[in-house]
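Chemist: Following this message is one structure expressed as structure tokens.
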Amino acid sequence: MARIVAGIGSSHVPSIGRAFDLGKQQDPAWKPLFDGYLPVKDWLENEVRADAVIFVYNDHGSDFGLDRCPTFALGTADSYPLADEGFGQRPLPAVRGDADLSWHLANALIADEFDLTVCQEMAVDHGLLVPLPLLWSYQPDWNIKVVPLVVNVIQHPLPTARRCLRLGQALRRAVESYPADARVAIVGTGGMSHQLHGERFGHLDEAFDRRWLDLIESDPASLAAMSHEDIMQAAGAEAVELIMWLIMRGAMTPRVRRLHKNYYAPMTSGMGLITFVDAEEETS
């Protein structure tokens, strides 16, 4: 039987990828951010040793346009090409997929009444590609297989925060019904407080971000009760991406053990990272 072995919440700010590719890991402006990922990457590769990761992110117009914006879309391919977001493709290999696990999840989730768009072809953008190389190695190829799960946080109507938490719970059931003995991690991505347009451009609320990091550990139901308007008014319009972290949290047990937390807010977006294992892992 497959099982969830790690849950991770991470920002996916596109400038992180650019800084990574330019080798700015030791630059004073970026070092606190990159250093925060180092112990997590070490933990994932040397202790967790997951076979696959479910990666929850939102597409930024790379594969889906506003004319067709599925609420939830699941990739079922063996490989995913890198999208060119206007600056050329990043110097990373194509992302390795896990078609067998993906198809099992698609069937199980639809049977569990979560209607998905199932994609046999999908290009992945910075929503996935920013955190992925910070968490797993890619030279000469990725040492992890990826199941991409795209969530619409762009074009209203959006799924509710509570729906996302429940999708995470359904994902756990789906993973645990997979017959292979697989170790599966799940990553929920999305910016923390930020707004990139209008009169509130540059809005950032560190207190909100830190409270979110605390509550996603101890009281995710309170976050799931927040409306889109609650989140956007408090933390900026694009902060609604945080509902994707609740999919990750729903896939964990109600009680979790936090292993790592990092927060950095040097510019126009709060950047957060948090890692969990099921609380039962403490005694297993």
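Identifiers in this document derive from the order of the structure tokens: chains are assigned A, B, ..., residues are numbered from 1 separately in each chain, and ligands are numbered from 1 in order of occurrence.
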Write down as a PyMOL selection string the residues belonging to region 68-172 of chain A that are assigned helix (DSSP H, G or I) by DSSP computed on the backbone.
Modeler: chain A and resi 99-111+126-129+132-135+161-172
Chemist: Which residues are near region 231-234 of chain A? Cut-off 9 Å, only C-alpha atoms, ignore same chain within fewer than 3 positions. Put them as a CSV table (one decimal) with all heavy atoms, in the first residue's frame.
Modeler:
```csv
chain,number,residue,atom,x,y,z
A,193,SER,N,1.5,36.5,1.2
A,193,SER,CA,0.9,37.8,1.0
A,193,SER,C,1.6,38.5,-0.1
A,193,SER,O,2.8,38.7,-0.2
A,193,SER,CB,1.0,38.7,2.3
A,193,SER,OG,2.3,38.9,2.7
A,194,HIS,N,0.8,38.9,-1.1
A,194,HIS,CA,1.3,39.8,-2.2
A,194,HIS,C,0.2,40.2,-3.1
A,194,HIS,O,-0.9,39.6,-3.2
A,194,HIS,CB,2.4,39.0,-3.0
A,194,HIS,CG,1.9,37.9,-3.9
A,194,HIS,ND1,1.3,36.8,-3.3
A,194,HIS,CD2,2.0,37.6,-5.2
A,194,HIS,CE1,1.0,35.9,-4.3
A,194,HIS,NE2,1.5,36.4,-5.4
A,195,GLN,N,0.4,41.4,-3.7
A,195,GLN,CA,-0.5,41.9,-4.7
A,195,GLN,C,0.3,42.5,-5.8
A,195,GLN,O,1.1,43.4,-5.5
A,195,GLN,CB,-1.6,42.8,-4.1
A,195,GLN,CG,-2.6,43.3,-5.2
A,195,GLN,CD,-3.9,43.8,-4.6
A,195,GLN,OE1,-4.3,43.2,-3.6
A,195,GLN,NE2,-4.5,44.8,-5.3
A,205,ASP,N,2.0,41.5,4.1
A,205,ASP,CA,1.6,41.5,5.5
A,205,ASP,C,2.3,40.3,6.2
A,205,ASP,O,1.8,39.1,6.1
A,205,ASP,CB,0.0,41.3,5.6
A,205,ASP,CG,-0.5,41.5,7.0
A,205,ASP,OD1,0.3,41.2,8.0
A,205,ASP,OD2,-1.6,41.9,7.2
A,208,PHE,N,0.2,38.3,8.8
A,208,PHE,CA,-0.7,37.4,8.2
A,208,PHE,C,0.0,36.1,7.8
A,208,PHE,O,-0.4,35.0,8.1
A,208,PHE,CB,-1.4,38.0,7.0
A,208,PHE,CG,-2.3,37.0,6.3
A,208,PHE,CD1,-3.7,36.9,6.6
A,208,PHE,CD2,-1.8,36.2,5.3
A,208,PHE,CE1,-4.5,36.0,5.9
A,208,PHE,CE2,-2.6,35.3,4.6
A,208,PHE,CZ,-4.0,35.2,5.0
A,226,MET,N,-12.0,30.5,5.8
A,226,MET,CA,-11.8,31.8,5.2
A,226,MET,C,-12.4,31.9,3.8
A,226,MET,O,-12.2,30.9,3.0
A,226,MET,CB,-10.3,32.2,5.2
A,226,MET,CG,-9.7,32.3,6.6
A,226,MET,SD,-8.0,32.8,6.5
A,226,MET,CE,-8.2,34.6,6.1
A,227,SER,N,-13.0,32.9,3.5
A,227,SER,CA,-13.5,33.2,2.1
A,227,SER,C,-12.3,33.7,1.2
A,227,SER,O,-11.3,34.2,1.8
A,227,SER,CB,-14.7,34.1,2.0
A,227,SER,OG,-14.2,35.4,2.4
A,228,HIS,N,-12.5,33.7,-0.1
A,228,HIS,CA,-11.5,34.3,-0.9
A,228,HIS,C,-11.3,35.7,-0.6
A,228,HIS,O,-10.2,36.3,-0.6
A,228,HIS,CB,-11.9,34.1,-2.4
A,228,HIS,CG,-12.1,32.7,-2.8
A,228,HIS,ND1,-13.2,32.4,-3.6
A,228,HIS,CD2,-11.4,31.6,-2.7
A,228,HIS,CE1,-13.2,31.1,-3.8
A,228,HIS,NE2,-12.1,30.6,-3.3
A,237,ALA,N,-4.5,40.4,-3.3
A,237,ALA,CA,-5.3,39.6,-4.3
A,237,ALA,C,-4.7,38.2,-4.6
A,237,ALA,O,-5.3,37.2,-4.7
A,237,ALA,CB,-5.6,40.4,-5.5
A,238,GLU,N,-3.4,38.2,-4.9
A,238,GLU,CA,-2.7,37.0,-5.3
A,238,GLU,C,-2.5,36.0,-4.1
A,238,GLU,O,-2.1,34.9,-4.4
A,238,GLU,CB,-1.4,37.3,-6.1
A,238,GLU,CG,-1.6,37.7,-7.5
A,238,GLU,CD,-2.1,39.1,-7.7
A,238,GLU,OE1,-1.9,40.0,-6.7
A,238,GLU,OE2,-2.7,39.5,-8.7
A,239,ALA,N,-2.6,36.5,-2.9
A,239,ALA,CA,-2.4,35.6,-1.8
A,239,ALA,C,-3.5,34.5,-1.7
A,239,ALA,O,-3.3,33.5,-1.0
A,239,ALA,CB,-2.5,36.4,-0.5
A,240,VAL,N,-4.5,34.6,-2.5
A,240,VAL,CA,-5.5,33.5,-2.6
A,240,VAL,C,-4.9,32.2,-3.1
A,240,VAL,O,-5.5,31.1,-2.8
A,240,VAL,CB,-6.7,33.9,-3.5
A,240,VAL,CG1,-6.3,33.8,-5.0
A,240,VAL,CG2,-7.9,33.1,-3.2
A,242,LEU,N,-2.8,30.7,-1.6
A,242,LEU,CA,-2.6,29.9,-0.4
A,242,LEU,C,-3.6,28.8,-0.2
A,242,LEU,O,-3.3,27.8,0.6
A,242,LEU,CB,-2.6,30.8,0.8
A,242,LEU,CG,-1.3,31.6,1.1
A,242,LEU,CD1,-1.5,32.7,2.2
A,242,LEU,CD2,-0.1,30.7,1.5
```
Chemist: Find the residues near Gly270 (chain A): any atom within 8 Å, counting only C-alpha atoms, skip ones fewer than 6 places away on the same chain, and give them as a ChimeraX atom specification.
Modeler: /A:191-194,204-206,209,263-264
Chemist: I'd like the contact shell of Gly75 (chain A) - 8 Å cut-off, only C-alpha atoms, skipping same-chain residues fewer than 3 positions apart - returned as a ChimeraX atom specification.
Modeler: /A:102,118-122,147-149
Chemist: Write out as a PyMOL selection string the residues lying within 8 Å of Leu165 (chain A), counting only C-alpha atoms and excluding same-chain residues fewer than 6 positions away.
Modeler: chain A and resi 224+246-251
Chemist: Take the residues that were just selected and, keeping all heavy atoms, output them as a PDB file, in the first residue's frame.
Modeler:
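Once written, again_2.pdb looks like this:
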```pdb
ATOM      1  N   ALA A 224      -9.481  27.006   6.354  1.00  0.00           N
ATOM      2  CA  ALA A 224     -10.431  26.539   5.348  1.00  0.00           C
ATOM      3  C   ALA A 224     -11.748  27.288   5.424  1.00  0.00           C
ATOM      4  O   ALA A 224     -12.504  27.322   4.443  1.00  0.00           O
ATOM      5  CB  ALA A 224     -10.667  25.039   5.508  1.00  0.00           C
ATOM      6  N   LEU A 246      -3.685  24.167   1.441  1.00  0.00           N
ATOM      7  CA  LEU A 246      -4.660  23.371   2.191  1.00  0.00           C
ATOM      8  C   LEU A 246      -4.877  21.995   1.565  1.00  0.00           C
ATOM      9  O   LEU A 246      -5.284  21.057   2.267  1.00  0.00           O
ATOM     10  CB  LEU A 246      -5.980  24.128   2.294  1.00  0.00           C
ATOM     11  CG  LEU A 246      -5.942  25.345   3.229  1.00  0.00           C
ATOM     12  CD1 LEU A 246      -7.204  26.181   3.063  1.00  0.00           C
ATOM     13  CD2 LEU A 246      -5.769  24.910   4.682  1.00  0.00           C
ATOM     14  N   ILE A 247      -4.619  21.849   0.279  1.00  0.00           N
ATOM     15  CA  ILE A 247      -4.687  20.515  -0.329  1.00  0.00           C
ATOM     16  C   ILE A 247      -3.593  19.640   0.284  1.00  0.00           C
ATOM     17  O   ILE A 247      -3.832  18.493   0.665  1.00  0.00           O
ATOM     18  CB  ILE A 247      -4.561  20.607  -1.856  1.00  0.00           C
ATOM     19  CG1 ILE A 247      -5.755  21.398  -2.433  1.00  0.00           C
ATOM     20  CG2 ILE A 247      -4.482  19.212  -2.478  1.00  0.00           C
ATOM     21  CD1 ILE A 247      -5.687  21.625  -3.925  1.00  0.00           C
ATOM     22  N   MET A 248      -2.393  20.197   0.386  1.00  0.00           N
ATOM     23  CA  MET A 248      -1.310  19.465   1.052  1.00  0.00           C
ATOM     24  C   MET A 248      -1.686  19.118   2.484  1.00  0.00           C
ATOM     25  O   MET A 248      -1.534  17.966   2.922  1.00  0.00           O
ATOM     26  CB  MET A 248      -0.033  20.316   1.030  1.00  0.00           C
ATOM     27  CG  MET A 248       1.142  19.752   1.820  1.00  0.00           C
ATOM     28  SD  MET A 248       1.143  20.122   3.615  1.00  0.00           S
ATOM     29  CE  MET A 248       1.351  21.902   3.605  1.00  0.00           C
ATOM     30  N   ARG A 249      -2.220  20.097   3.213  1.00  0.00           N
ATOM     31  CA  ARG A 249      -2.506  19.862   4.639  1.00  0.00           C
ATOM     32  C   ARG A 249      -3.619  18.833   4.821  1.00  0.00           C
ATOM     33  O   ARG A 249      -3.577  18.012   5.761  1.00  0.00           O
ATOM     34  CB  ARG A 249      -2.894  21.190   5.314  1.00  0.00           C
ATOM     35  CG  ARG A 249      -3.108  21.077   6.819  1.00  0.00           C
ATOM     36  CD  ARG A 249      -1.857  20.629   7.523  1.00  0.00           C
ATOM     37  NE  ARG A 249      -2.081  20.527   8.963  1.00  0.00           N
ATOM     38  CZ  ARG A 249      -2.551  19.463   9.594  1.00  0.00           C
ATOM     39  NH1 ARG A 249      -2.867  18.375   8.879  1.00  0.00           N
ATOM     40  NH2 ARG A 249      -2.715  19.453  10.901  1.00  0.00           N
ATOM     41  N   GLY A 250      -4.602  18.842   3.908  1.00  0.00           N
ATOM     42  CA  GLY A 250      -5.673  17.865   3.993  1.00  0.00           C
ATOM     43  C   GLY A 250      -5.190  16.449   3.772  1.00  0.00           C
ATOM     44  O   GLY A 250      -5.807  15.490   4.252  1.00  0.00           O
ATOM     45  N   ALA A 251      -4.082  16.292   3.056  1.00  0.00           N
ATOM     46  CA  ALA A 251      -3.533  14.963   2.799  1.00  0.00           C
ATOM     47  C   ALA A 251      -2.765  14.406   3.992  1.00  0.00           C
ATOM     48  O   ALA A 251      -2.393  13.226   3.985  1.00  0.00           O
ATOM     49  CB  ALA A 251      -2.626  14.999   1.573  1.00  0.00           C
TER      50      ALA A 251
END
```
Chemist: Would you pick out the contacts of region 13-27 of chain A at 9 Å or less, using only C-alpha atoms, so that residues sharing its chain but fewer than 2 positions from it are not included, and give the list as a PyMOL selection string?
Modeler: chain A and resi 11+29-35+90-91+126-127+129-131+133-134+190-191+269+271
Chemist: Using only N, CA, C and O atoms, please write the residues we just selected to a file, as a PDB file, in the first residue's frame.
Modeler:
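New file out-v4.pdb:
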```pdb
ATOM      1  N   SER A  11       6.342  28.638  -1.210  1.00  0.00           N
ATOM      2  CA  SER A  11       6.092  29.695  -2.189  1.00  0.00           C
ATOM      3  C   SER A  11       6.651  29.285  -3.546  1.00  0.00           C
ATOM      4  O   SER A  11       7.504  28.392  -3.638  1.00  0.00           O
ATOM      5  N   ALA A  29      21.013  39.095  -0.650  1.00  0.00           N
ATOM      6  CA  ALA A  29      19.577  39.315  -0.804  1.00  0.00           C
ATOM      7  C   ALA A  29      18.802  38.016  -0.919  1.00  0.00           C
ATOM      8  O   ALA A  29      17.593  37.982  -0.671  1.00  0.00           O
ATOM      9  N   TRP A  30      19.479  36.925  -1.290  1.00  0.00           N
ATOM     10  CA  TRP A  30      18.802  35.658  -1.537  1.00  0.00           C
ATOM     11  C   TRP A  30      19.201  34.540  -0.576  1.00  0.00           C
ATOM     12  O   TRP A  30      18.468  33.557  -0.430  1.00  0.00           O
ATOM     13  N   LYS A  31      20.329  34.683   0.071  1.00  0.00           N
ATOM     14  CA  LYS A  31      20.843  33.608   0.921  1.00  0.00           C
ATOM     15  C   LYS A  31      19.852  33.154   1.994  1.00  0.00           C
ATOM     16  O   LYS A  31      19.689  31.937   2.201  1.00  0.00           O
ATOM     17  N   PRO A  32      19.141  34.050   2.693  1.00  0.00           N
ATOM     18  CA  PRO A  32      18.188  33.564   3.714  1.00  0.00           C
ATOM     19  C   PRO A  32      17.083  32.693   3.138  1.00  0.00           C
ATOM     20  O   PRO A  32      16.600  31.779   3.806  1.00  0.00           O
ATOM     21  N   LEU A  33      16.698  32.967   1.903  1.00  0.00           N
ATOM     22  CA  LEU A  33      15.660  32.162   1.245  1.00  0.00           C
ATOM     23  C   LEU A  33      16.218  30.789   0.854  1.00  0.00           C
ATOM     24  O   LEU A  33      15.663  29.754   1.216  1.00  0.00           O
ATOM     25  N   PHE A  34      17.331  30.776   0.146  1.00  0.00           N
ATOM     26  CA  PHE A  34      17.884  29.507  -0.326  1.00  0.00           C
ATOM     27  C   PHE A  34      18.380  28.633   0.824  1.00  0.00           C
ATOM     28  O   PHE A  34      18.223  27.410   0.793  1.00  0.00           O
ATOM     29  N   ASP A  35      18.973  29.252   1.845  1.00  0.00           N
ATOM     30  CA  ASP A  35      19.451  28.469   2.987  1.00  0.00           C
ATOM     31  C   ASP A  35      18.302  27.751   3.685  1.00  0.00           C
ATOM     32  O   ASP A  35      18.496  26.672   4.254  1.00  0.00           O
ATOM     33  N   ARG A  90      14.096  27.147 -18.819  1.00  0.00           N
ATOM     34  CA  ARG A  90      15.103  27.071 -17.777  1.00  0.00           C
ATOM     35  C   ARG A  90      16.048  25.888 -18.027  1.00  0.00           C
ATOM     36  O   ARG A  90      15.665  24.908 -18.670  1.00  0.00           O
ATOM     37  N   PRO A  91      17.274  25.945 -17.518  1.00  0.00           N
ATOM     38  CA  PRO A  91      18.255  24.873 -17.748  1.00  0.00           C
ATOM     39  C   PRO A  91      18.001  23.689 -16.819  1.00  0.00           C
ATOM     40  O   PRO A  91      18.832  23.329 -15.984  1.00  0.00           O
ATOM     41  N   HIS A 126       6.535  27.994 -13.721  1.00  0.00           N
ATOM     42  CA  HIS A 126       7.269  28.291 -12.488  1.00  0.00           C
ATOM     43  C   HIS A 126       6.513  27.893 -11.227  1.00  0.00           C
ATOM     44  O   HIS A 126       7.124  27.699 -10.175  1.00  0.00           O
ATOM     45  N   GLY A 127       5.192  27.725 -11.329  1.00  0.00           N
ATOM     46  CA  GLY A 127       4.450  27.272 -10.156  1.00  0.00           C
ATOM     47  C   GLY A 127       4.983  25.960  -9.616  1.00  0.00           C
ATOM     48  O   GLY A 127       5.003  25.725  -8.400  1.00  0.00           O
ATOM     49  N   LEU A 129       8.109  24.592 -11.174  1.00  0.00           N
ATOM     50  CA  LEU A 129       9.546  24.540 -11.423  1.00  0.00           C
ATOM     51  C   LEU A 129      10.372  25.387 -10.470  1.00  0.00           C
ATOM     52  O   LEU A 129      11.583  25.182 -10.361  1.00  0.00           O
ATOM     53  N   VAL A 130       9.765  26.346  -9.758  1.00  0.00           N
ATOM     54  CA  VAL A 130      10.545  27.080  -8.761  1.00  0.00           C
ATOM     55  C   VAL A 130      10.858  26.204  -7.553  1.00  0.00           C
ATOM     56  O   VAL A 130      12.016  26.042  -7.169  1.00  0.00           O
ATOM     57  N   PRO A 131       9.858  25.576  -6.904  1.00  0.00           N
ATOM     58  CA  PRO A 131      10.211  24.780  -5.721  1.00  0.00           C
ATOM     59  C   PRO A 131      10.906  23.457  -6.032  1.00  0.00           C
ATOM     60  O   PRO A 131      11.712  22.978  -5.213  1.00  0.00           O
ATOM     61  N   PRO A 133      13.420  22.163  -7.958  1.00  0.00           N
ATOM     62  CA  PRO A 133      14.871  21.963  -7.822  1.00  0.00           C
ATOM     63  C   PRO A 133      15.428  22.403  -6.470  1.00  0.00           C
ATOM     64  O   PRO A 133      16.578  22.084  -6.146  1.00  0.00           O
ATOM     65  N   LEU A 134      14.644  23.133  -5.695  1.00  0.00           N
ATOM     66  CA  LEU A 134      15.072  23.482  -4.339  1.00  0.00           C
ATOM     67  C   LEU A 134      14.848  22.334  -3.370  1.00  0.00           C
ATOM     68  O   LEU A 134      15.429  22.309  -2.278  1.00  0.00           O
ATOM     69  N   GLY A 190       2.316  28.158  -3.700  1.00  0.00           N
ATOM     70  CA  GLY A 190       1.589  29.407  -3.886  1.00  0.00           C
ATOM     71  C   GLY A 190       2.193  30.523  -3.060  1.00  0.00           C
ATOM     72  O   GLY A 190       2.776  30.292  -1.995  1.00  0.00           O
ATOM     73  N   GLY A 191       2.054  31.734  -3.582  1.00  0.00           N
ATOM     74  CA  GLY A 191       2.594  32.881  -2.887  1.00  0.00           C
ATOM     75  C   GLY A 191       1.886  33.135  -1.575  1.00  0.00           C
ATOM     76  O   GLY A 191       0.710  32.805  -1.416  1.00  0.00           O
ATOM     77  N   SER A 269       6.712  40.039  -1.988  1.00  0.00           N
ATOM     78  CA  SER A 269       5.944  38.850  -1.636  1.00  0.00           C
ATOM     79  C   SER A 269       6.554  38.176  -0.424  1.00  0.00           C
ATOM     80  O   SER A 269       7.779  38.049  -0.324  1.00  0.00           O
ATOM     81  N   MET A 271       7.655  34.968   1.423  1.00  0.00           N
ATOM     82  CA  MET A 271       8.126  33.679   0.923  1.00  0.00           C
ATOM     83  C   MET A 271       8.217  32.715   2.097  1.00  0.00           C
ATOM     84  O   MET A 271       9.007  32.929   3.024  1.00  0.00           O
TER      85      MET A 271
END
```
Chemist: Taking into account only C-alpha atoms, which residue in the set A:Val124, A:Cys69, A:Leu171, A:Ala50 is nearest to Leu109 (chain A)?
Modeler: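 Answer, going by the shortest atom-to-atom distance: A:Leu171.
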Chemist: One decimal, in Å: what's the spacing between CA of Gln89 (chain A) and CA of Asp125 (chain A)?
Modeler: 9.5 Å
Chemist: To one decimal place, how far is CA of Ala174 (chain A) from CA of Ile54 (chain A) in Å?
Modeler: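 Here the two named atoms are 11.7 Å from each other.
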Chemist: With distances taken over only C-alpha atoms, which residue among A:Leu167, A:Ala108, A:Ser222, A:Arg96 lies nearest Tyr138 (chain A)?
Modeler: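 Ranked by minimum distance to Tyr138 (chain A), first place goes to A:Arg96.
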Chemist: Rounded to one decimal in Å, what is the spacing between CA of Met1 (chain A) and CA of Ser218 (chain A)?
Modeler: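 Separation between CA of Met1 (chain A) and CA of Ser218 (chain A): 27.7 Å.
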Chemist: Give the strand (DSSP E) residues of region 120-242 of chain A, as DSSP finds them on the backbone, and put them as a list in words.
Modeler: Lys145, Val146, Val147, Pro148, Leu149, Val150, Val151, Arg183, Val184, Ala185, Ile186, Val187, Gly188 and Thr189 of chain A
Chemist: For the selection you just gave me, I'd like the residues written to a file as a JSON list (two decimals), in the first residue's frame, keeping C-alpha atoms.
Modeler:
```json
[["chain", "number", "residue", "atom", "x", "y", "z"],
["A", 145, "LYS", "CA", 8.71, 11.38, -10.14],
["A", 146, "VAL", "CA", 6.02, 14.07, -10.21],
["A", 147, "VAL", "CA", 2.23, 14.01, -10.38],
["A", 148, "PRO", "CA", 1.23, 17.61, -11.30],
["A", 149, "LEU", "CA", -2.10, 18.85, -9.93],
["A", 150, "VAL", "CA", -3.15, 22.26, -11.27],
["A", 151, "VAL", "CA", -5.66, 24.37, -9.31],
["A", 183, "ARG", "CA", 6.27, 6.46, -0.65],
["A", 184, "VAL", "CA", 4.50, 9.65, -1.73],
["A", 185, "ALA", "CA", 5.21, 13.24, -0.74],
["A", 186, "ILE", "CA", 2.85, 16.14, -1.41],
["A", 187, "VAL", "CA", 3.77, 19.78, -2.00],
["A", 188, "GLY", "CA", 1.27, 22.63, -1.88],
["A", 189, "THR", "CA", 2.59, 25.79, -3.50]]
```
Chemist: Between A:Tyr178, A:Trp142, A:Phe276, A:Trp245, which residue has the minimum interatomic distance to Val5 (chain A), considering only C-alpha atoms?
Modeler: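 Among the listed residues, A:Phe276 lies closest to Val5 (chain A).
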Chemist: Nearest to Leu92 (chain A) among A:Asp59, A:Glu199, A:Asp141, A:Glu45, with distances taken over only C-alpha atoms: which residue is it?
Modeler: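 Once distances to Leu92 (chain A) are computed over only C-alpha atoms, the minimum belongs to A:Asp141.
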